[in-house]
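Engineer: For reference, the file structure.tsv (TSV, C-alpha atoms and all ligand atoms) is included below:
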```
chain	number	residue	atom	x	y	z
A	1	MET	CA	0.00	0.00	0.00
A	2	SER	CA	1.44	3.34	-1.03
A	3	ASP	CA	2.29	5.71	1.81
A	4	HIS	CA	1.04	8.46	-0.49
A	5	ALA	CA	-2.50	7.12	-0.95
A	6	HIS	CA	-5.12	9.62	0.10
A	7	VAL	CA	-7.01	8.99	3.34
A	8	ALA	CA	-10.76	9.42	3.98
A	9	LEU	CA	-12.59	9.40	7.31
A	10	ILE	CA	-16.24	8.37	6.91
A	11	THR	CA	-18.38	8.72	10.03
A	12	GLY	CA	-21.03	6.12	10.81
A	13	ALA	CA	-19.56	3.83	8.16
A	14	ALA	CA	-20.04	0.34	9.61
A	15	HIS	CA	-23.13	-0.32	7.47
A	16	ARG	CA	-25.66	1.09	4.96
A	17	LEU	CA	-24.74	4.31	3.12
A	18	GLY	CA	-21.52	4.92	5.04
A	19	ALA	CA	-20.18	1.45	4.29
A	20	ALA	CA	-21.09	1.79	0.59
A	21	THR	CA	-19.25	5.12	0.52
A	22	ALA	CA	-16.19	3.61	2.20
A	23	ARG	CA	-16.16	0.75	-0.37
A	24	SER	CA	-16.56	3.19	-3.23
A	25	LEU	CA	-13.72	5.50	-2.12
A	26	HIS	CA	-11.57	2.44	-1.43
A	27	GLU	CA	-12.14	1.32	-5.04
A	28	ARG	CA	-10.69	4.68	-6.07
A	29	ASP	CA	-7.50	3.87	-4.12
A	30	TYR	CA	-8.35	5.72	-0.94
A	31	ARG	CA	-7.25	4.38	2.42
A	32	VAL	CA	-10.35	4.52	4.57
A	33	ILE	CA	-11.05	5.08	8.24
A	34	ILE	CA	-14.36	3.49	9.17
A	35	HIS	CA	-15.80	5.35	12.12
A	36	TYR	CA	-18.49	3.57	14.16
A	37	ARG	CA	-20.24	4.06	17.50
A	38	THR	CA	-21.83	0.72	18.44
A	39	ARG	CA	-21.39	-1.54	15.37
A	40	GLU	CA	-17.90	-2.78	16.12
A	41	HIS	CA	-18.52	-6.20	14.56
A	42	ASP	CA	-19.74	-4.71	11.24
A	43	ALA	CA	-16.92	-2.17	11.22
A	44	ARG	CA	-14.28	-4.87	11.78
A	45	LYS	CA	-15.79	-7.08	9.05
A	46	LEU	CA	-15.70	-4.21	6.58
A	47	VAL	CA	-12.09	-3.40	7.49
A	48	GLU	CA	-11.17	-7.06	7.00
A	49	GLU	CA	-12.92	-7.15	3.59
A	50	LEU	CA	-11.10	-4.02	2.40
A	51	ASN	CA	-7.71	-5.07	3.78
A	52	GLU	CA	-8.05	-8.41	1.98
A	53	ARG	CA	-8.39	-6.45	-1.24
A	54	ARG	CA	-5.45	-4.14	-0.41
A	55	PRO	CA	-3.44	-4.86	2.74
A	56	GLY	CA	-3.07	-1.92	5.10
A	57	SER	CA	-5.78	0.14	3.41
A	58	ALA	CA	-8.54	0.28	6.05
A	59	THR	CA	-8.96	0.73	9.76
A	60	ALA	CA	-11.80	1.38	12.21
A	61	LEU	CA	-12.12	3.97	14.97
A	62	GLN	CA	-14.84	4.16	17.62
A	63	ALA	CA	-16.43	7.35	19.00
A	64	ASP	CA	-19.74	8.59	20.31
A	65	LEU	CA	-20.21	11.80	18.35
A	66	THR	CA	-22.49	13.33	20.99
A	67	ASN	CA	-19.41	13.56	23.22
A	68	PRO	CA	-17.01	16.42	22.30
A	69	ASP	CA	-14.06	14.71	24.01
A	70	GLU	CA	-14.60	11.60	21.92
A	71	ILE	CA	-14.85	13.74	18.77
A	72	ASN	CA	-11.50	15.35	19.59
A	73	ALA	CA	-9.92	11.95	20.18
A	74	LEU	CA	-11.39	10.60	16.92
A	75	ALA	CA	-10.00	13.57	14.97
A	76	ARG	CA	-6.56	13.14	16.54
A	77	GLU	CA	-6.44	9.38	15.99
A	78	ALA	CA	-7.70	9.74	12.40
A	79	VAL	CA	-4.89	12.13	11.47
A	80	ASP	CA	-2.25	10.19	13.39
A	81	TYR	CA	-3.15	6.79	11.91
A	82	TRP	CA	-1.59	7.41	8.48
A	83	SER	CA	-0.14	10.84	9.30
A	84	ARG	CA	-2.54	12.54	6.91
A	85	LEU	CA	-6.23	13.12	6.23
A	86	ASP	CA	-7.58	14.24	2.86
A	87	VAL	CA	-11.33	13.74	3.07
A	88	LEU	CA	-14.02	13.97	5.75
A	89	VAL	CA	-17.45	12.49	4.99
A	90	ASN	CA	-19.97	13.58	7.63
A	91	ASN	CA	-22.36	10.65	7.28
A	92	ALA	CA	-23.32	9.59	10.84
A	93	SER	CA	-26.80	10.70	11.81
A	94	VAL	CA	-29.93	9.91	13.78
A	95	PHE	CA	-33.45	10.07	12.35
A	96	PHE	CA	-36.66	9.88	14.35
A	97	PRO	CA	-39.87	11.93	14.79
A	98	THR	CA	-40.33	14.72	17.35
A	99	PRO	CA	-43.97	15.79	16.92
A	100	THR	CA	-44.40	19.40	17.98
A	101	GLY	CA	-45.75	19.70	21.51
A	102	SER	CA	-44.05	16.61	22.92
A	103	LEU	CA	-40.33	17.30	22.42
A	104	ARG	CA	-38.08	15.64	24.98
A	105	MET	CA	-34.77	17.30	25.77
A	106	ASP	CA	-32.78	14.08	25.34
A	107	ASP	CA	-34.23	13.68	21.82
A	108	TRP	CA	-33.31	17.28	21.05
A	109	ASP	CA	-29.78	16.72	22.35
A	110	ASN	CA	-29.35	13.51	20.38
A	111	LEU	CA	-30.56	14.99	17.08
A	112	VAL	CA	-28.76	18.32	17.38
A	113	ASN	CA	-25.52	16.96	18.79
A	114	THR	CA	-25.20	14.08	16.32
A	115	ASN	CA	-26.46	15.67	13.10
A	116	PHE	CA	-25.31	19.27	13.57
A	117	ARG	CA	-22.81	19.79	16.39
A	118	ALA	CA	-20.63	16.77	15.58
A	119	PRO	CA	-19.86	17.86	11.98
A	120	VAL	CA	-19.03	21.35	13.29
A	121	LEU	CA	-16.67	20.01	15.96
A	122	LEU	CA	-15.05	17.57	13.54
A	123	VAL	CA	-14.38	20.32	11.02
A	124	GLU	CA	-13.03	22.53	13.83
A	125	GLN	CA	-10.55	19.80	14.68
A	126	LEU	CA	-9.70	18.70	11.15
A	127	CYS	CA	-9.69	21.85	9.02
A	128	GLU	CA	-5.96	22.50	9.48
A	129	GLU	CA	-5.04	19.00	8.30
A	130	LEU	CA	-7.57	19.11	5.43
A	131	ARG	CA	-6.10	22.47	4.42
A	132	LEU	CA	-2.58	21.01	4.40
A	133	GLN	CA	-3.71	18.23	2.08
A	134	SER	CA	-5.94	20.44	-0.13
A	135	GLY	CA	-8.69	18.12	0.93
A	136	CYS	CA	-12.44	18.09	0.85
A	137	ILE	CA	-15.56	17.64	2.96
A	138	VAL	CA	-18.80	15.95	1.91
A	139	ASN	CA	-21.87	16.26	4.13
A	140	LEU	CA	-24.75	13.80	3.95
A	141	ILE	CA	-27.84	15.96	4.14
A	142	ASP	CA	-31.44	15.02	3.17
A	143	ILE	CA	-34.03	16.31	0.74
A	144	TYR	CA	-36.19	16.90	3.84
A	145	SER	CA	-33.81	19.74	4.77
A	146	GLU	CA	-35.67	21.83	2.19
A	147	ARG	CA	-39.24	20.53	2.45
A	148	PRO	CA	-39.79	19.04	5.85
A	149	LEU	CA	-41.14	15.59	6.56
A	150	GLU	CA	-44.26	15.63	8.74
A	151	ASP	CA	-43.53	15.36	12.48
A	152	HIS	CA	-39.73	15.57	12.00
A	153	PRO	CA	-39.13	19.31	12.62
A	154	VAL	CA	-35.94	18.95	14.63
A	155	TYR	CA	-34.42	16.33	12.31
A	156	ALA	CA	-35.22	18.51	9.27
A	157	ALA	CA	-33.75	21.56	11.00
A	158	THR	CA	-30.49	19.75	11.80
A	159	LYS	CA	-30.15	18.80	8.13
A	160	ALA	CA	-31.01	22.36	7.04
A	161	ALA	CA	-28.25	23.53	9.38
A	162	LEU	CA	-25.83	21.08	7.77
A	163	ALA	CA	-26.79	22.42	4.34
A	164	SER	CA	-26.03	25.92	5.60
A	165	LEU	CA	-22.69	24.78	6.99
A	166	THR	CA	-21.88	23.24	3.61
A	167	ARG	CA	-22.24	26.64	1.96
A	168	SER	CA	-20.37	28.48	4.75
A	169	TRP	CA	-17.44	26.07	4.68
A	170	ALA	CA	-17.37	26.17	0.86
A	171	ARG	CA	-16.84	29.89	1.17
A	172	ASP	CA	-14.66	30.13	4.28
A	173	LEU	CA	-12.37	27.11	3.84
A	174	ALA	CA	-11.71	27.63	0.12
A	175	PRO	CA	-9.45	27.71	-1.79
A	176	ALA	CA	-7.68	24.95	0.13
A	177	ILE	CA	-10.73	22.84	0.96
A	178	ARG	CA	-13.80	22.10	-1.17
A	179	THR	CA	-17.07	21.40	0.66
A	180	ASN	CA	-20.14	19.83	-0.91
A	181	GLY	CA	-23.20	17.86	0.12
A	182	VAL	CA	-25.31	14.97	-1.05
A	183	SER	CA	-29.03	14.92	-0.20
A	184	PRO	CA	-30.49	11.43	-0.47
A	185	GLY	CA	-34.18	10.87	-1.02
A	186	ALA	CA	-35.69	7.50	-0.18
A	187	VAL	CA	-32.72	5.15	-0.35
A	188	LEU	CA	-32.54	2.69	2.53
A	189	TRP	CA	-35.52	2.71	4.86
A	190	PRO	CA	-34.66	3.30	8.52
A	191	GLU	CA	-34.32	0.02	10.39
A	192	ASP	CA	-36.41	0.88	13.46
A	193	HIS	CA	-38.42	3.99	12.64
A	194	PRO	CA	-41.71	4.09	14.58
A	195	THR	CA	-43.98	5.61	11.89
A	196	LEU	CA	-42.75	4.62	8.41
A	197	ASP	CA	-44.92	1.54	7.74
A	198	GLU	CA	-45.30	-0.42	4.48
A	199	THR	CA	-48.30	1.61	3.22
A	200	TYR	CA	-46.43	4.86	3.85
A	201	LYS	CA	-43.40	3.55	1.95
A	202	GLN	CA	-45.48	2.48	-1.09
A	203	GLU	CA	-47.30	5.81	-1.14
A	204	LEU	CA	-44.01	7.69	-0.93
A	205	LEU	CA	-42.46	5.70	-3.80
A	206	LYS	CA	-45.44	6.59	-6.02
A	207	ARG	CA	-44.37	10.21	-5.61
A	208	VAL	CA	-40.82	9.46	-6.84
A	209	PRO	CA	-40.66	10.04	-10.62
A	210	LEU	CA	-38.38	7.01	-11.02
A	211	HIS	CA	-40.93	4.92	-9.02
A	212	ARG	CA	-38.38	3.14	-6.90
A	213	ALA	CA	-36.10	3.64	-3.93
A	214	GLY	CA	-32.43	4.30	-4.58
A	215	ALA	CA	-29.54	2.02	-3.63
A	216	ALA	CA	-26.75	2.77	-1.18
A	217	GLU	CA	-24.38	2.70	-4.17
A	218	ASP	CA	-26.27	5.62	-5.78
A	219	ILE	CA	-25.32	7.80	-2.82
A	220	ALA	CA	-21.79	6.40	-2.61
A	221	SER	CA	-21.19	7.18	-6.31
A	222	ALA	CA	-22.31	10.78	-5.84
A	223	VAL	CA	-20.00	11.24	-2.84
A	224	THR	CA	-17.12	9.62	-4.72
A	225	TRP	CA	-17.74	11.81	-7.75
A	226	LEU	CA	-17.60	14.93	-5.57
A	227	VAL	CA	-14.39	13.73	-3.92
A	228	CYS	CA	-12.52	12.34	-6.93
A	229	ASP	CA	-13.89	13.82	-10.14
A	230	ALA	CA	-15.20	17.29	-9.39
A	231	PRO	CA	-12.24	19.59	-8.64
A	232	TYR	CA	-14.18	22.73	-9.60
A	233	VAL	CA	-17.37	21.87	-7.69
A	234	ASN	CA	-17.62	23.66	-4.35
A	235	GLY	CA	-20.61	24.61	-2.19
A	236	GLN	CA	-23.08	22.39	-4.06
A	237	ILE	CA	-25.66	19.99	-2.69
A	238	ILE	CA	-26.70	17.22	-5.07
A	239	ASN	CA	-30.13	15.67	-4.59
A	240	VAL	CA	-29.90	11.93	-5.28
A	241	ASP	CA	-33.59	11.16	-5.00
A	242	GLY	CA	-35.00	9.73	-8.23
A	243	GLY	CA	-36.49	13.15	-8.93
A	244	ARG	CA	-38.58	13.28	-5.75
A	245	SER	CA	-37.56	16.86	-4.96
A	246	VAL	CA	-39.11	18.14	-8.19
A	247	GLN	CA	-42.42	16.45	-7.34
A	248	MET	CA	-42.79	16.98	-3.56
B	301	LIG	N1	-31.01	6.03	4.28
B	301	LIG	C1	-31.64	6.96	3.54
B	301	LIG	O1	-32.47	6.65	2.69
B	301	LIG	C2	-31.32	8.41	3.78
B	301	LIG	C3	-32.23	9.38	3.34
B	301	LIG	C4	-31.93	10.71	3.55
B	301	LIG	C5	-30.73	11.09	4.17
B	301	LIG	N2	-29.87	10.10	4.59
B	301	LIG	C6	-28.63	10.54	5.26
B	301	LIG	O2	-27.54	9.77	4.76
B	301	LIG	C7	-26.65	9.42	5.83
B	301	LIG	C8	-26.50	7.92	5.95
B	301	LIG	O3	-27.79	7.33	6.05
B	301	LIG	P1	-27.99	5.88	6.72
B	301	LIG	O4	-29.44	5.58	6.61
B	301	LIG	O5	-26.99	4.93	6.15
B	301	LIG	O6	-27.61	6.24	8.23
B	301	LIG	P2	-27.92	5.37	9.57
B	301	LIG	O7	-27.75	3.93	9.27
B	301	LIG	O8	-29.23	5.81	10.14
B	301	LIG	O9	-26.80	5.92	10.54
B	301	LIG	C9	-25.42	5.82	10.19
B	301	LIG	C10	-24.61	5.65	11.44
B	301	LIG	O10	-24.65	6.82	12.26
B	301	LIG	C11	-24.05	6.41	13.46
B	301	LIG	N3	-24.41	7.25	14.60
B	301	LIG	C12	-25.64	7.58	15.04
B	301	LIG	N4	-25.53	8.27	16.21
B	301	LIG	C13	-24.20	8.37	16.49
B	301	LIG	C14	-23.45	8.95	17.53
B	301	LIG	N5	-24.00	9.59	18.57
B	301	LIG	N6	-22.10	8.85	17.48
B	301	LIG	C15	-21.50	8.22	16.45
B	301	LIG	N7	-22.15	7.64	15.44
B	301	LIG	C16	-23.50	7.72	15.45
B	301	LIG	C17	-24.50	4.97	13.72
B	301	LIG	O11	-23.34	4.24	14.12
B	301	LIG	P3	-23.43	2.82	14.93
B	301	LIG	O12	-24.43	2.01	14.14
B	301	LIG	O13	-22.05	2.27	14.87
B	301	LIG	O14	-23.90	3.11	16.30
B	301	LIG	C18	-25.06	4.54	12.37
B	301	LIG	O15	-24.60	3.31	11.91
B	301	LIG	C19	-27.24	10.06	7.09
B	301	LIG	O16	-26.63	11.31	7.30
B	301	LIG	C20	-28.71	10.25	6.75
B	301	LIG	O17	-29.33	11.30	7.45
B	301	LIG	C21	-30.14	8.80	4.41
```
I need this file expressed as structure tokens, please.
Ligand SMILES: NC(=O)c1ccc[n+]([C@@H]2O[C@H](COP(=O)([O-])OP(=O)(O)OC[C@H]3O[C@@H](n4cnc5c(N)ncnc54)[C@H](OP(=O)(O)O)[C@@H]3O)[C@@H](O)[C@H]2O)c1

Structural biologist:
Amino acid sequence: MSDHAHVALITGAAHRLGAATARSLHERDYRVIIHYRTREHDARKLVEELNERRPGSATALQADLTNPDEINALAREAVDYWSRLDVLVNNASVFFPTPTGSLRMDDWDNLVNTNFRAPVLLVEQLCEELRLQSGCIVNLIDIYSERPLEDHPVYAATKAALASLTRSWARDLAPAIRTNGVSPGAVLWPEDHPTLDETYKQELLKRVPLHRAGAAEDIASAVTWLVCDAPYVNGQIINVDGGRSVQM
């Protein structure tokens, strides 16, 4: 494995969209740092799979992103591991309803700290290194950041905040660092969401012009394109949603 290969940190990458993104960047010769919180087994399996393909090309780091001390440690360990960091993909997130009138403070803290504060603190810690490497940031947002999903006001607001950060960083961290976002539509259904039942899913897919859900690889390809093939793209948020955002 070349000591010069670029390095990407993908948060929440043990499974689903984060894992697909890690695989996709790895295929483009990136060394990847798979961040996880609880899914150690999945993270280790993914690292093993990628290291079998290219020895010494993947590792895993654990951190709870609601804890600023753990974020600082993650940032430090990520840079130290291969003595460089070129790409940060802010993918980790939580998604659940908070109907107005019954908001619990621990739900607020979880949503805001994971989806909004953690990317801010990570960029605070990593911007110097990303600047040194002329690196880039990709934020995983959501089409619901623009047109909110019923009963998810706080989730939608955290993603709208991340969209705003994307534009601020694109302005403030350039020219050294490019920052972009990807907004998925319906791609992988949440595993334990309390209100998205089968009827809801079928109804939602009827409103997608392509009439189907996307695949994790659709999102991973968009992130990889922004990282590897789009040197003049900065401050953009690409909706990868089968056209849903033009028909909401
Ligand atoms: N799936 C979709 O269709 C869809 C649609 C719109 C937007 N998105 C966005 O795309 C991104 C990826 O989606 P996804 O569905 O693949 O995500 P996901 O499975 O819901 O979450 C990804 C990871 O986030 C990590 N995470 C959650 N809270 C954390 C915390 N406090 N500290 C550290 N890690 C934490 C979890 O890690 P552990 O499992 O290790 O605990 C989880 O595996 C997210 O930003 C999401 O909002 C996805």

Engineer: Using all atoms listed in the file, find each residue in stretch 176-195 of chain A having at least one atom no more than 10 Å away from stretch 125-145 of chain A; report its shortest atom-to-atom pair and that distance in Å (one decimal), rows by chain then rising number, as a Markdown table.

Structural biologist:
```
| residue | atom | partner | partner_atom | distance |
| --- | --- | --- | --- | --- |
| A:Ala176 | CA | A:Ser134 | CA | 4.8 |
| A:Ile177 | CA | A:Cys136 | CA | 5.0 |
| A:Arg178 | CA | A:Cys136 | CA | 4.7 |
| A:Thr179 | CA | A:Ile137 | CA | 4.7 |
| A:Asn180 | CA | A:Val138 | CA | 5.0 |
| A:Gly181 | CA | A:Asn139 | CA | 4.5 |
| A:Val182 | CA | A:Leu140 | CA | 5.2 |
| A:Ser183 | CA | A:Asp142 | CA | 4.1 |
| A:Pro184 | CA | A:Asp142 | CA | 5.2 |
| A:Gly185 | CA | A:Ile143 | CA | 5.7 |
| A:Ala186 | CA | A:Ile143 | CA | 9.0 |
```

Engineer: Quick one: of A:Leu25, A:Leu88, A:Leu121, A:Ala216, who's nearest to ligand LIG 301 (chain B), counting only C-alpha atoms and all ligand atoms?

Structural biologist: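 Once distances to ligand LIG 301 (chain B) are computed over only C-alpha atoms and all ligand atoms, the minimum belongs to A:Ala216.
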
Engineer: So that I can check the surroundings of A:Ile34, please list as an MDAnalysis selection string every protein, DNA and RNA residue that reaches within 8 Å of it, counting all atoms listed in the file and ignoring chain neighbours fewer than 3 positions away.

Structural biologist: chainID A and resid 9:14 19 22 43 47 58:61

Engineer: So how many Å separate atom CA of A:Val246 and atom CA of A:Thr114, to one decimal?

Structural biologist: 28.5 Å

Engineer: Between A:Leu65, A:Ala73, A:Val233, A:Ile238, which one has atoms that come closest to A:Ala174, using all atoms listed in the file?

Structural biologist: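 Among the listed residues, A:Val233 lies closest to A:Ala174.
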
Engineer: In Å to one decimal, how far is atom CA of A:Gly242 from atom CA of A:Leu210?

Structural biologist: 5.2 Å

Engineer: To one decimal in Å, tell me the separation between atom CA of A:Val7 and atom CA of A:Val112.

Structural biologist: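 Taking atom CA of A:Val7 as the start and atom CA of A:Val112 as the end point, the length is 27.5 Å.
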
Engineer: With C-alpha atoms as the atom set, please write stretch 79-100 of chain A from the structure just given, as a short mmCIF file (atom, residue, chain, number, x, y, z; two decimals), in the first residue's frame.

Structural biologist:
```cif
data_model
loop_
_atom_site.label_atom_id
_atom_site.label_comp_id
_atom_site.auth_asym_id
_atom_site.auth_seq_id
_atom_site.Cartn_x
_atom_site.Cartn_y
_atom_site.Cartn_z
CA VAL A 79 -4.89 12.13 11.47
CA ASP A 80 -2.25 10.19 13.39
CA TYR A 81 -3.15 6.79 11.91
CA TRP A 82 -1.59 7.41 8.48
CA SER A 83 -0.14 10.84 9.30
CA ARG A 84 -2.54 12.54 6.91
CA LEU A 85 -6.23 13.12 6.23
CA ASP A 86 -7.58 14.24 2.86
CA VAL A 87 -11.33 13.74 3.07
CA LEU A 88 -14.02 13.97 5.75
CA VAL A 89 -17.45 12.49 4.99
CA ASN A 90 -19.97 13.58 7.63
CA ASN A 91 -22.36 10.65 7.28
CA ALA A 92 -23.32 9.59 10.84
CA SER A 93 -26.80 10.70 11.81
CA VAL A 94 -29.93 9.91 13.78
CA PHE A 95 -33.45 10.07 12.35
CA PHE A 96 -36.66 9.88 14.35
CA PRO A 97 -39.87 11.93 14.79
CA THR A 98 -40.33 14.72 17.35
CA PRO A 99 -43.97 15.79 16.92
CA THR A 100 -44.40 19.40 17.98
#
```
